[in-house]
Structures are given as C-alpha cells and as structure tokens.
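**Student:** Questions regarding the structure given below will be posed in turn.
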There are 2 protein chains.
Amino acid sequence: MKSSLLEKNPVRTLGIDARGIRGILDALFIERQLCTVRLRETAEGVDVYVYDAGCGTAGHRRTLKEVAESLAPYVYGCGETDLAKGVGKLFLAKGRTLALAESLTGGLISDRLTDLPGSSGFFMLGAVVYSNESKTRLLGVPSSVIERWGAVSRATCLAMVEGLGQLGKFHDRVAVTGIAGPGGGTRSKPVGTVFAAVRDDASTLVKRYNFAGTRREIKESTVQAVLELLWKKLAGLQAGGNR
Amino acid sequence: MKSSLLEKNPVRTLGIDARGIRGILDALFIERQLCTVRLRETAEGVDVYVYDAGCGTAGHRRTLKEVAESLAPYVYGCGETDLAKGVGKLFLAKGRTLALAESLTGGLISDRLTDLPGSSGFFMLGAVVYSNESKTRLLGVPSSVIERWGAVSRATCLAMVEGLGQLGKFHDRVAVTGIAGPGGGTRSKPVGTVFAAVRDDASTLVKRYNFAGTRREIKESTVQAVLELLWKKLAGLQAGGNR
C-alpha cells in the first residue's frame, strides 16, 4: 500500500531523540498500524512527518492531533517555525520576561528572538558586552573576576548573569561568554569554549560547551545551545538547575 | 574579440552609482580600449567586474590595480567580503572604537559587525534596548522624552546616542529605533519608520528612513543603512553631518 504524506509541515521536537519518539508513537499506533512516521534530525532537534497508510480521510485529522498530543512536551512548533520563535511564543504564553548578556554571540541571540512579531512582549533588553570594560560598566562584573578567571570563565559568566539584575526586574536572565576564534584560544580554553548561564529567581544553571567550526558556526552553535536551555526550562523538561 | 573575466572577485563599491563608475572608468580606459567592465547592482552597492578585451597577460595586473585605485574612495572590499566586514576593517585601520544602541534591529547590527575576526579591536558594546524601561535604565533616555515624542522618534534616537556616552569613551556611537512591524505602525509613523543617529565628538547626524517589507527585511534594511552611514563617514565620503 502506498503511503501518502498527511501533512507537509513536520511536528518539530526537541529534548527527545528518534528512539524516544518511535517508542511513544509505536505505542500509539501499534494496534491500528494505520500510519507510518518518518523522522528527520535537524540542527534543532527531530522533525516528525506522518504518513497515511490507509486510515482514510476521516482519520487524518485525528491521527495528526494524536501525534502532536503524544509528543506535546517536546514539540516547539510545526512547519516553518524555528526554535527561536518557539521559545519566544513560550515566553509570551507564560507571561515571562527575558534579559540577555551576550559576549561572543555579539547580539545574535537577541536578533533571533526579536524576529518574532510581538517579541517586545517578553524581550526586554540585551547587553552585547564585547569588551572587558563593557562587562564591568554595564553589568558590574568586577575587574578582579575578569583578571583572575578570565573573560571566558564560569566566574565571569555568573557575574554577567548576576549583573543583569542591576538593569531591571526580569523573570529570566541569560549570559554567554566564549571564544569564537579564530584567534584567542589557549590550551585550557581552546577556540569554541563557551559558558552559558540561565538564571531565574529560584536558581542558576551554568554550562560549559566546547564547540567546533568557524567563527560563525561557533556563534550559531552557542545560540542553539542557549535556545535549547531556555526552551527546556520553560517547557518544564528540566529542573532549573543548580549553581 | 571574445573578452574574458580578468578576476572572478568583483571590486565592491558603495556611495557611487553605475553612471559615476562608468564615468571614472571610461576616462581611464578610453584611450586604450583594452578592457570592458560589467556592473552589477547589489543590496550593498555596485560590484565591478573587469573583462580583458585584448590587453594580454602582461597588462592584467596593472589594469586591475588601476581600476581599484581609480575607484578607491568607494571600494569597501573585493570578492567574498561584505559591507559589515569592510566597515569593521576600516574601524580597525583607523584605530577607532564603536558603541551601538539598537532597538528594532534587536542586535543584528552587532551580530554582523562581530562576524569579523578581531572585531573586539573596535567593537566595544551594543545595548539592545528593546523596552522603554531599558532605554531609560541603560542609556538614561528620559521617560518624558519617550512619553512626549514616542520610542520611535528623532528625540529618542538622539537621547539614545547621547546616552551611550555614559557607558564609556568611544570614538563613534550609533543608535537606531524604529517600527519593524507587522504591528505598531500609525498614520504618521507607519511600519518601516526608522531613525538612525551617528555621533562622534565633533558632530551628530540623525536620519529618518521609511523602509518597506517584512519584519526581517526592515531589520536588514536598517542594518544596511547604518553600515552605509558608518562606511561613508569613515571613508570620508561625507561630512560628519549636523544636528
């Protein structure tokens, strides 16, 4: 039997791998065997395409709805959307606000988030603190911290996310610092070393990454990592983290 | 006689139109008639491709050099480069520093400028002041100015570029504010209304634009306009402007 694509727009997921998706959908479809799914891994997660295998027009809508519902905790959008828009919509839906401090990404996180119409409803400000002095002047990062631990360090990243609190009241704050290259790497902190911190009133999560690629690719990998952290936090896929 | 492309990378110009380029190059080549040029208008300016029309290998290098020299004041780069990189290189070459305040562009100007390796040599900070409160908190824009003239106004744009001075010493400062849409437009300030200010110690230039297109296109048009203002200023194609 020839199967046909039920809906050209995929269900876009994050935070679950292909095996996990198959496990959930197999349990859903196993008795009826009416549908097949094809999964495509993307830079942002796993896209799910649902194919009809004989359920007829009447069953289409119900099937699609069931797929989306079954995967709901992991679905950031359908079709043309991207993760930044998914994150933005989640902020708007939850009535939360965001402030960012970006070093190596140079404004790219802010740019992506503000592509969503209405993003001024949650995105309050971004501080692109490229120089050490700007980290100190805008965010109050102590010079002593930068001198002792370096501008690219867990300590500086935490001081940046902390310092955003001086600029207003926000539900969520994010800071990133890292080495986009091609210069600036060291043995202990090679090009691609990135620290990201996500903080709310209850907790602070800080993570270290080691990305590979060109300067642009390292910027984009960092954006993706931050969007994932935010999405998982807001979608409730992960506890707020610890300090 | 079949002409062949002398160099696959175009000479990329800004601040001069196709007619102006033809005028300069005709004067250069008219006596010899050894070369032809083809011009291509881009989103960033006019690209110049030089074709051999019989000058032979010996003359190639000299010809290309002459073309680049003749158009020098308008050349922001060759080949793969883009205007943001051209602007960044000019800042580095002149040893000048830059600070930005971005509203509607949401960090996109900072993002573009920091794609250049070594951009931390000139790019000091960007303030993505999306909310009114952030304009006041980060840049000291008086609430009264925003209330009276609006967040998208000449007055607010000037207060933003002025306020960057509180965050450090910079040779050049830029501020942009506008309406990216699709919502937020009014009769007197429709979607696409943008104000941009460029300021140095000597002078301040503020311009109003009316861009068309999608939200993303309006952001990108604004970036292009700002890069052009900076490039012309640094390349000396335009006086600093007036208040």
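Within each chain, counting starts at residue 1; across the structure tokens, chains are named A, B, ... in the order shown, with ligands numbered 1 upward in that order.
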What are the residues of chain B that have an atom within 9 Å of an atom of chain A, counting only C-alpha atoms, as a PyMOL selection string?

**Tutor:** chain B and resi 103-118+120-121+123-135+137-138+167-168+180-183+215-216+219

**Student:** Quick one: everything within 10 Å of A:Leu229, counting only C-alpha atoms, minus sequence neighbours fewer than 3 positions away in the same chain. Send it as a short mmCIF file (atom, residue, chain, number, x, y, z; two decimals) with N, CA, C and O atoms, in the first residue's frame.

**Tutor:**
```cif
data_model
loop_
_atom_site.label_atom_id
_atom_site.label_comp_id
_atom_site.auth_asym_id
_atom_site.auth_seq_id
_atom_site.Cartn_x
_atom_site.Cartn_y
_atom_site.Cartn_z
N GLY A 15 14.55 17.76 22.67
CA GLY A 15 14.65 17.19 24.01
C GLY A 15 14.31 15.71 24.05
O GLY A 15 14.21 15.12 25.13
N VAL A 87 10.61 29.41 21.31
CA VAL A 87 10.99 29.92 22.63
C VAL A 87 10.24 31.22 22.91
O VAL A 87 9.68 31.41 24.00
N VAL A 174 19.89 35.50 30.91
CA VAL A 174 20.86 34.60 30.28
C VAL A 174 22.15 35.35 30.02
O VAL A 174 22.11 36.52 29.61
N ALA A 196 27.61 29.30 29.35
CA ALA A 196 26.26 29.89 29.28
C ALA A 196 25.60 29.74 30.65
O ALA A 196 25.69 28.68 31.28
N ALA A 197 24.97 30.80 31.10
CA ALA A 197 24.26 30.77 32.38
C ALA A 197 22.81 31.19 32.17
O ALA A 197 22.52 32.12 31.42
N VAL A 198 21.90 30.46 32.81
CA VAL A 198 20.47 30.79 32.79
C VAL A 198 20.03 30.94 34.24
O VAL A 198 20.28 30.05 35.07
N LEU A 205 21.65 28.06 36.44
CA LEU A 205 22.30 26.94 35.77
C LEU A 205 23.44 27.51 34.95
O LEU A 205 23.26 28.47 34.23
N LYS A 207 26.57 26.23 32.24
CA LYS A 207 27.09 25.08 31.49
C LYS A 207 28.31 25.49 30.67
O LYS A 207 28.41 26.63 30.21
N VAL A 223 24.08 30.00 20.06
CA VAL A 223 22.68 30.44 20.04
C VAL A 223 21.76 29.23 20.22
O VAL A 223 20.83 29.24 21.04
N GLN A 224 22.04 28.17 19.46
CA GLN A 224 21.22 26.97 19.54
C GLN A 224 21.23 26.40 20.97
O GLN A 224 20.18 26.03 21.52
N ALA A 225 22.41 26.35 21.58
CA ALA A 225 22.51 25.81 22.94
C ALA A 225 21.69 26.64 23.92
O ALA A 225 20.99 26.09 24.79
N VAL A 226 21.77 27.95 23.79
CA VAL A 226 21.02 28.83 24.70
C VAL A 226 19.52 28.67 24.48
O VAL A 226 18.74 28.58 25.44
N LYS A 232 13.89 24.14 27.17
CA LYS A 232 13.71 23.03 28.12
C LYS A 232 13.26 23.55 29.48
O LYS A 232 12.43 22.94 30.15
N LYS A 233 13.82 24.68 29.88
CA LYS A 233 13.43 25.25 31.17
C LYS A 233 11.96 25.67 31.14
O LYS A 233 11.19 25.29 32.04
N LEU A 234 11.57 26.40 30.11
CA LEU A 234 10.19 26.88 30.07
C LEU A 234 9.20 25.76 29.80
O LEU A 234 8.06 25.81 30.27
N ALA A 235 9.63 24.76 29.03
CA ALA A 235 8.73 23.65 28.74
C ALA A 235 8.66 22.68 29.91
O ALA A 235 7.88 21.73 29.88
N LEU A 237 11.02 20.65 30.90
CA LEU A 237 11.69 19.39 30.64
C LEU A 237 12.89 19.17 31.55
O LEU A 237 13.54 18.16 31.52
N GLN A 238 13.20 20.18 32.33
CA GLN A 238 14.43 20.13 33.10
C GLN A 238 14.24 21.05 34.31
O GLN A 238 13.66 22.11 34.19
N GLY A 240 15.28 23.72 37.11
CA GLY A 240 16.01 24.98 36.90
C GLY A 240 17.52 24.83 36.95
O GLY A 240 18.24 25.69 36.49
#
```

**Student:** Between A:Arg38, A:Arg12, A:Arg187, A:Arg154, which has the minimum distance to A:Glu80 (counting only C-alpha atoms)?

**Tutor:**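 That would be A:Arg12, the residue with the smallest distance to A:Glu80.
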
**Student:** Pull the alpha helix (DSSP H) assignments for chain A out of DSSP run on the backbone, and list those residues as number ranges by chain.

**Tutor:** A: 18-29, 56-70, 83-94, 108-113, 132-139, 143-149, 154-163, 215-235

**Student:** Grab the atom CA of B:Tyr49 to atom CA of B:Leu92 distance for me, in Å with one decimal place.

**Tutor:** 27.1 Å

**Student:** Excluding same-chain residues fewer than 2 positions from stretch 67-79 of chain B, what lies within 9 Å of it counting only C-alpha atoms, as a PDB file with C-alpha atoms, in the first residue's frame?

**Tutor:**
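Output file out.pdb follows:
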```pdb
ATOM      1  CA  LYS B   8      36.358  36.473 -10.622  1.00  0.00           C
ATOM      2  CA  ASN B   9      36.119  38.591  -7.484  1.00  0.00           C
ATOM      3  CA  PRO B  10      34.385  41.882  -8.119  1.00  0.00           C
ATOM      4  CA  VAL B  11      35.585  45.222  -6.818  1.00  0.00           C
ATOM      5  CA  ARG B  12      32.768  46.155  -4.430  1.00  0.00           C
ATOM      6  CA  THR B  13      31.768  49.794  -4.222  1.00  0.00           C
ATOM      7  CA  LEU B  14      29.384  51.947  -2.259  1.00  0.00           C
ATOM      8  CA  GLY B  15      28.478  55.613  -2.458  1.00  0.00           C
ATOM      9  CA  ILE B  16      28.681  55.879  -6.227  1.00  0.00           C
ATOM     10  CA  ILE B  21      31.619  54.358 -12.102  1.00  0.00           C
ATOM     11  CA  ILE B  24      35.573  57.217 -13.978  1.00  0.00           C
ATOM     12  CA  LEU B  25      36.472  54.024 -15.794  1.00  0.00           C
ATOM     13  CA  LEU B  28      40.716  55.611 -17.564  1.00  0.00           C
ATOM     14  CA  ASP B  47      30.029  45.440  -7.934  1.00  0.00           C
ATOM     15  CA  VAL B  50      36.655  43.755 -15.236  1.00  0.00           C
ATOM     16  CA  ARG B  62      48.185  46.747 -13.993  1.00  0.00           C
ATOM     17  CA  THR B  63      44.635  47.101 -15.280  1.00  0.00           C
ATOM     18  CA  LEU B  64      43.053  45.616 -12.182  1.00  0.00           C
ATOM     19  CA  LYS B  65      45.215  47.787  -9.968  1.00  0.00           C
ATOM     20  CA  THR B  81      33.643  40.316   1.730  1.00  0.00           C
ATOM     21  CA  ASP B  82      30.514  42.163   2.782  1.00  0.00           C
ATOM     22  CA  LEU B  83      29.914  45.714   3.885  1.00  0.00           C
ATOM     23  CA  LYS B  85      33.439  43.406   7.225  1.00  0.00           C
ATOM     24  CA  GLY B  86      34.507  46.415   5.168  1.00  0.00           C
ATOM     25  CA  VAL B  87      33.271  48.737   7.892  1.00  0.00           C
ATOM     26  CA  LEU B  90      38.026  50.491   8.351  1.00  0.00           C
ATOM     27  CA  TRP B 231      31.282  53.484   5.970  1.00  0.00           C
ATOM     28  CA  LYS B 232      30.745  56.836   4.291  1.00  0.00           C
ATOM     29  CA  ALA B 235      35.798  56.630   4.297  1.00  0.00           C
ATOM     30  CA  GLY B 236      35.439  60.388   4.296  1.00  0.00           C
ATOM     31  CA  LEU B 237      32.717  60.429   1.650  1.00  0.00           C
TER      32      LEU B 237
END
```

**Student:** From stretch 4-235 of chain B, collect each residue whose DSSP state is strand (DSSP E or B) and return the set as a VMD selection string.

**Tutor:** chain B and resid 4 to 5 11 to 13 35 to 41 46 to 52 75 to 78 98 to 102 123 to 129 172 to 178 193 to 199 204 to 210

**Student:** Any idea what the distance is between atom CA of B:Trp149 and atom CA of B:Leu164?

**Tutor:** 19.5 Å

**Student:** Any idea what's packed within 8 Å of B:Ala151, counting only C-alpha atoms, ignoring anything in its chain fewer than 3 positions away? Could you give it as a list in words?

**Tutor:**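 Non-adjacent residues within range: Asn132, Ile146, Glu147, Thr156, Thr177 and Gly178 of chain B.
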